[in-house]
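Notes follow once the structure below has been shown.
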Amino acid sequence: MNAGDGPVHVDVAQVFARPGVDAPLGPSRLHLDAGRIVRIEALADLPTAARHHVALPAPADAHDHGRGLRTLAFGARDQSLETWLPELAFEPRVDPYLRAAVAFARMAEGGIAAANHCHNTQDSQALLKEAEGVARAARDVGLRIGFAVPFAGRNGVVYGPLEPLLAHLPAADHARVHAMRQPTRTLQQNFALVEEIAQLEHEGFRVQYGPVGPQWVDDEAMAAIALASADTGRRVHMHLFETQRQRAWADAHYPRGLLRHLDGIGLLSPRLTVAHAVWLDDDDCGLLAERGVTVSANVSSNLRLRTGLPPWRRYLDAGLRFGLGLDGMSLDDDEDMLREMRLAWHQLQTADAGSDERFALGDLFRAVCVHGRQSITGADGGGELATGAPADILVLDTRRLSRDVLAEAPDHRLERLIARMTKRDIHRLIVGGRSVVHDARCQSVDLPALEAALTADAEAAWQRQPPDAPAIERLRVAVRAHYRCGGCGPGGQSGEGGSHGRG
């Protein structure tokens with residue numbers, strides 16, 4: 001991470017050391033050394049250039065996929081998750097370094113210092129090579145990346161048997177769909193790859209187990225991952241109950257409850273992060289909270305993929321720990337974590353209305369800067385600005401945010417930040433003492449050049465191997481018809497109903 005590659009001190013007008021918890025410090029100089037904050041000094045004479053700057057802990061992206069090509073760019077349109085997944089086949093196979101470096105540099109420009117990278121393999125036989133590209137991109141850009149090695153093996157294409165789906169497809173497509181359901185690696189191969197990829201670890205790259213989701217990973221693999229995580233201490237990252245159809249499938253196949261089953265095999269622990277978790281019920285939330293599991297709530301993605309709102313009130317009732325993730329699907333396709341925080345804040349305040357306002361701004365910043373971060377780095381002392389803490393610092397220029405303010409009220413400044421801040425207000429993002437973003441532009445790598453190279457690589461890949469657009473569309477339409485007719489529950493029944501609302 002090149003600790004110390006950047007400013008040896010940072011001057012700001014205010015320091016929000018623990019935003020919303022502690023009163024902000026006045027004019028200060030943050031001294032940095034070896035990637036950490038070594039001292040916070042009060043300044044009597046603040047340099048003019050710093051008079052509009054405020055420092056906060058840098059946010060974390062608790063769930064993402066690190067696609068350098070945004071999904072709309074290659075033709076995967078916003079729609080329900082199950083019909084969206086077939087359109088991911090439009091993504092051209094590109095250089096893994098370019099794919100990750102572009103994604104990470106955009107995240108950095110969105111204020112993100114750390115991210116859970118839930119890796120989507122482009123070539124199942126080249127996962128190690130892809131991981132090498134991701135590890136190098138993490139080092140070059142300067143982010144802290146948790147790399148979830150993907151495990152999958154059942155229910156490809158649809159949840160449940162293929163026969164009802166095949167009834168909606170021409171016979172010529174059946175072999176292709178059957179091939180999509182076949183596992184690409186054995187369980188033993190996946191564990192061996194985890195160990196090989198772990199050899200690439202550095203300060204900004206840590207390996208996790210990545211069971212893609214319980215509907216896609218069989219019970220044997222889940223149990224093996226739970227045991228391996230307990231033995232090694234490695235974290236686990238997986239999707240959970242993103243859609244109502246996934247919930248219906250789980251209820252049909254685990255009558256005593258999927259989460260009770262996962263708890264029985266030891267998977268639920270403080271090492272586990274579950275992404276989305278839209279269709280949790282009260283018992284689920286209580287159990288996850290009791291086991292110390294972290295949720296990544298993905299507000300923009302869930303809106304774009306029609307999966308619903310996180311059950312915020314249930315999270316709060318249970319005391320469930322959560323962070324925020326962009327999932328590569330920010331609302332404006334801008335990777336802006338500051339906008340995402342605002343969207344989540346308003347949803348939380350709406351959900352918590354009439355409940356004594358249990359969730360305050362301090363809780364929001366703790367969710368994004370501490371809990372989300374810990375799902376990536378573990379408890380490393382980050383997420384606040386204090387002596388000895390990692391020097392992961394977001395510095396905002398408040399001039400645009402304050403341009404129409406008539407009377408300055410110091411205790412209102414944090415509220416104004418959450419109401420207005422966007423990535424264009426980022427003066428500097430410092431990660432591990434290294435200056436990654438300056439004046440809203442990534443400076444660790446040349447992002448425009450990387451974007452141009454990635455686009456050229458993608459266009460060339462499409463020329464070499466153009467996607468079969470008619471076959472992709474036939475499958476998408478068939479999947480839609482399959483679920484409309486009912487195909488994911490027991491005996492081919494969809495189970496689309498149920499009482500698991502958004503809470």
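Going by the structure tokens order, chains are called A, B, ..., each with residues numbered from 1, while ligands are numbered from 1 in the order shown.
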Q) Which neighbours of Gly266 (chain A) fall inside 9 Å, counting only C-alpha atoms, when residues of the same chain fewer than 2 positions from it are skipped, and could you give them as a PyMOL selection string? A) chain A and resi 223+226-227+230+261-264+268-269
Determine, for each residue of region 40-140 of chain A having at least one atom at most 8 Å from an atom of region 320-329 of chain A, the closest pair of atoms and their separation in Å to one decimal, counting only C-alpha atoms; order by chain and ascending number, as a Markdown table.
```
| residue | atom | partner | partner_atom | distance |
| --- | --- | --- | --- | --- |
| A:Ala60 | CA | A:Leu324 | CA | 7.6 |
| A:Asp61 | CA | A:Gly325 | CA | 4.7 |
| A:Ala62 | CA | A:Gly325 | CA | 4.5 |
| A:His63 | CA | A:Gly325 | CA | 4.4 |
| A:Asp64 | CA | A:Asp327 | CA | 3.9 |
| A:His65 | CA | A:Gly328 | CA | 5.9 |
| A:Gly66 | CA | A:Gly328 | CA | 6.6 |
| A:Arg67 | CA | A:Gly328 | CA | 6.8 |
| A:Arg70 | CA | A:Gly328 | CA | 7.3 |
| A:Thr71 | CA | A:Met329 | CA | 8.0 |
```
Dump as a tab-separated table the rows for residues of region 198-281 of chain A within 9 Å of region 81-91 of chain A: closest atom pair and distance in Å with one decimal, only C-alpha atoms counted, ordered by chain and rising residue number.
```
residue	atom	partner	partner_atom	distance
A:Glu242	CA	A:Leu81	CA	8.5
A:Thr243	CA	A:Leu81	CA	7.5
A:Arg245	CA	A:Glu82	CA	8.7
```
Generate a file of the selected residues that holds C-alpha atoms, formatted as a PDB file, in the first residue's frame.
```pdb
ATOM      1  CA  GLU A 242     -31.655 -10.870  -2.010  1.00  0.00           C
ATOM      2  CA  THR A 243     -35.033 -11.649  -3.574  1.00  0.00           C
ATOM      3  CA  ARG A 245     -37.877 -15.969  -4.818  1.00  0.00           C
TER       4      ARG A 245
END
```
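Minimum distance to Pro214 (chain A) across A:Thr232, A:Asn302, A:Thr186, A:Asn155 (counting only C-alpha atoms) occurs at A:Asn155.
What separates CA of Ile197 (chain A) from CA of Asp95 (chain A) is a distance of 17.6 Å.
Minimum atom-to-atom distances from A:Val38, A:Met238, A:Met180, A:Ala49 to His119 (chain A) were compared using only C-alpha atoms, and the lowest value belongs to A:Met238.
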>> Need to verify the contact set: Ile37 (chain A), 6 Å, only C-alpha atoms, exclusion of same-chain residues closer than 2 positions in sequence. Can you return it as a PyMOL selection string?
In response: chain A and resi 31-32+39+387-389+391
**Message:** I'd like to know which residues of region 146-229 of chain A are helix (DSSP H, G or I) (by DSSP, run on the backbone); could you write them as a ChimeraX atom specification?
**Reply:** /A:163-166,171-181,187-198,219-229
Taking only region 206-425 of chain A into account, list the residues labelled strand (DSSP E) by DSSP (computed from the backbone), as a PDB file with C-alpha atoms, in the first residue's frame.
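Written out: selection.pdb:
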```
ATOM      1  CA  ARG A 206      -6.933 -10.257   1.927  1.00  0.00           C
ATOM      2  CA  VAL A 207      -8.634 -13.522   0.941  1.00  0.00           C
ATOM      3  CA  GLN A 208     -12.075 -14.609   2.122  1.00  0.00           C
ATOM      4  CA  TYR A 209     -14.275 -17.623   1.426  1.00  0.00           C
ATOM      5  CA  GLY A 210     -17.065 -16.636  -0.960  1.00  0.00           C
ATOM      6  CA  PRO A 211     -19.998 -19.072  -1.058  1.00  0.00           C
ATOM      7  CA  VAL A 236     -16.769 -15.526   4.782  1.00  0.00           C
ATOM      8  CA  HIS A 237     -18.796 -13.348   2.400  1.00  0.00           C
ATOM      9  CA  MET A 238     -22.031 -14.439   0.704  1.00  0.00           C
ATOM     10  CA  HIS A 239     -25.313 -13.217  -0.743  1.00  0.00           C
ATOM     11  CA  LEU A 240     -28.403 -13.935   1.346  1.00  0.00           C
ATOM     12  CA  LEU A 272     -19.515 -13.834   8.274  1.00  0.00           C
ATOM     13  CA  THR A 273     -20.867 -10.989   6.132  1.00  0.00           C
ATOM     14  CA  VAL A 274     -24.155 -11.449   4.262  1.00  0.00           C
ATOM     15  CA  ALA A 275     -25.027  -9.153   1.379  1.00  0.00           C
ATOM     16  CA  HIS A 276     -28.510  -7.770   0.648  1.00  0.00           C
ATOM     17  CA  THR A 294     -22.584  -8.308   9.631  1.00  0.00           C
ATOM     18  CA  VAL A 295     -25.063  -7.401   6.887  1.00  0.00           C
ATOM     19  CA  SER A 296     -24.145  -5.375   3.814  1.00  0.00           C
ATOM     20  CA  ALA A 297     -27.234  -3.373   2.876  1.00  0.00           C
ATOM     21  CA  ARG A 321     -24.810  -4.833  12.735  1.00  0.00           C
ATOM     22  CA  PHE A 322     -24.649  -3.611   9.138  1.00  0.00           C
ATOM     23  CA  GLY A 323     -22.623  -1.636   6.618  1.00  0.00           C
ATOM     24  CA  LEU A 324     -23.415  -0.316   3.148  1.00  0.00           C
ATOM     25  CA  ILE A 393      -8.951   9.733   5.904  1.00  0.00           C
ATOM     26  CA  LEU A 394     -11.558  11.453   3.762  1.00  0.00           C
ATOM     27  CA  VAL A 395     -11.053  15.226   3.434  1.00  0.00           C
ATOM     28  CA  LEU A 396     -13.988  17.200   2.041  1.00  0.00           C
ATOM     29  CA  ASP A 397     -13.972  20.729   0.637  1.00  0.00           C
TER      30      ASP A 397
END
```
- Message: I want to know what sits within 12 Å of Pro466 (chain A), based on only C-alpha atoms, with residues of the same chain fewer than 6 positions away left out; could you give that as a ChimeraX atom specification?
- Response: /A:74,89-93,458-460,472
One decimal place gives the CA of Ala456 (chain A)-CA of Asp332 (chain A) separation as 23.6 Å
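Proximity to Thr422 (chain A) was assessed for A:Arg480, A:Phe205, A:Val278, A:Glu109 counting only C-alpha atoms; the smallest distance is recorded for A:Glu109.
Remark: for Val8 (chain A), the closest of the candidate residues A:Ala481, A:Ala175, A:Ile430, A:Ala452 is A:Ile430 (distances computed over only C-alpha atoms).
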Set the distance at 9 Å and use only C-alpha atoms: which residues neighbour Thr377 (chain A) once local chain neighbours fewer than 5 positions away are removed? I'd like the list as a PDB file with N, CA and C atoms, in the first residue's frame.
```pdb
ATOM      1  N   ALA A 114     -11.929   1.047   1.411  1.00  0.00           N
ATOM      2  CA  ALA A 114     -11.874  -0.411   1.539  1.00  0.00           C
ATOM      3  C   ALA A 114     -13.135  -1.001   0.926  1.00  0.00           C
ATOM      4  N   ARG A 144      -7.989  -1.018   0.213  1.00  0.00           N
ATOM      5  CA  ARG A 144      -7.954  -2.258   0.996  1.00  0.00           C
ATOM      6  C   ARG A 144      -9.067  -3.159   0.470  1.00  0.00           C
ATOM      7  N   ILE A 145      -8.712  -4.305  -0.061  1.00  0.00           N
ATOM      8  CA  ILE A 145      -9.668  -5.184  -0.738  1.00  0.00           C
ATOM      9  C   ILE A 145      -9.746  -6.532  -0.025  1.00  0.00           C
ATOM     10  N   GLY A 146     -10.979  -6.950   0.274  1.00  0.00           N
ATOM     11  CA  GLY A 146     -11.232  -8.314   0.710  1.00  0.00           C
ATOM     12  C   GLY A 146     -11.700  -9.110  -0.491  1.00  0.00           C
ATOM     13  N   ARG A 206      -6.735  -9.152   1.007  1.00  0.00           N
ATOM     14  CA  ARG A 206      -6.933 -10.257   1.927  1.00  0.00           C
ATOM     15  C   ARG A 206      -7.994 -11.205   1.373  1.00  0.00           C
ATOM     16  N   GLY A 382      -9.472   0.864  12.613  1.00  0.00           N
ATOM     17  CA  GLY A 382      -9.885   1.867  11.644  1.00  0.00           C
ATOM     18  C   GLY A 382     -11.329   2.293  11.837  1.00  0.00           C
TER      19      GLY A 382
END
```
Here CA of Leu280 (chain A) and CA of Arg181 (chain A) stand apart by 27.2 Å
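When only C-alpha atoms are used to measure the gap to Ala379 (chain A), the shortest distance among A:Arg441, A:Arg464, A:Arg271, A:Arg403 belongs to A:Arg271.
Look at Leu258 (chain A): the protein and nucleic acid residues within 10 Å of it, using only C-alpha atoms and passing over chain neighbours fewer than 6 places away, are Pro214, Gln215, Arg247, Trp249, Ala250, Asp251, Ala252, Gly264 and Asp284 of chain A.
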May I have the residues from that selection written out with N, CA and C atoms, as a PDB file, in the first residue's frame?
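out07.pdb, freshly written:
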```pdb
ATOM      1  N   PRO A 214     -26.640 -19.311  -0.561  1.00  0.00           N
ATOM      2  CA  PRO A 214     -27.059 -20.658  -0.160  1.00  0.00           C
ATOM      3  C   PRO A 214     -27.858 -21.396  -1.218  1.00  0.00           C
ATOM      4  N   GLN A 215     -28.566 -20.671  -2.092  1.00  0.00           N
ATOM      5  CA  GLN A 215     -29.310 -21.346  -3.152  1.00  0.00           C
ATOM      6  C   GLN A 215     -28.384 -21.867  -4.249  1.00  0.00           C
ATOM      7  N   ARG A 247     -35.991 -16.414  -1.009  1.00  0.00           N
ATOM      8  CA  ARG A 247     -36.585 -16.722   0.285  1.00  0.00           C
ATOM      9  C   ARG A 247     -37.563 -17.897   0.160  1.00  0.00           C
ATOM     10  N   TRP A 249     -37.572 -20.258  -2.070  1.00  0.00           N
ATOM     11  CA  TRP A 249     -36.819 -21.494  -2.295  1.00  0.00           C
ATOM     12  C   TRP A 249     -36.270 -22.018  -0.974  1.00  0.00           C
ATOM     13  N   ALA A 250     -35.686 -21.132  -0.179  1.00  0.00           N
ATOM     14  CA  ALA A 250     -35.099 -21.562   1.094  1.00  0.00           C
ATOM     15  C   ALA A 250     -36.158 -22.115   2.040  1.00  0.00           C
ATOM     16  N   ASP A 251     -37.314 -21.462   2.110  1.00  0.00           N
ATOM     17  CA  ASP A 251     -38.376 -21.932   3.003  1.00  0.00           C
ATOM     18  C   ASP A 251     -38.876 -23.313   2.587  1.00  0.00           C
ATOM     19  N   ALA A 252     -38.894 -23.562   1.262  1.00  0.00           N
ATOM     20  CA  ALA A 252     -39.360 -24.855   0.777  1.00  0.00           C
ATOM     21  C   ALA A 252     -38.353 -25.969   1.058  1.00  0.00           C
ATOM     22  N   GLY A 264     -26.485 -24.314  12.589  1.00  0.00           N
ATOM     23  CA  GLY A 264     -26.170 -25.650  13.061  1.00  0.00           C
ATOM     24  C   GLY A 264     -24.846 -26.178  12.538  1.00  0.00           C
ATOM     25  N   ASP A 284     -34.787 -14.331  11.967  1.00  0.00           N
ATOM     26  CA  ASP A 284     -33.510 -14.285  11.258  1.00  0.00           C
ATOM     27  C   ASP A 284     -32.630 -13.166  11.804  1.00  0.00           C
TER      28      ASP A 284
END
```
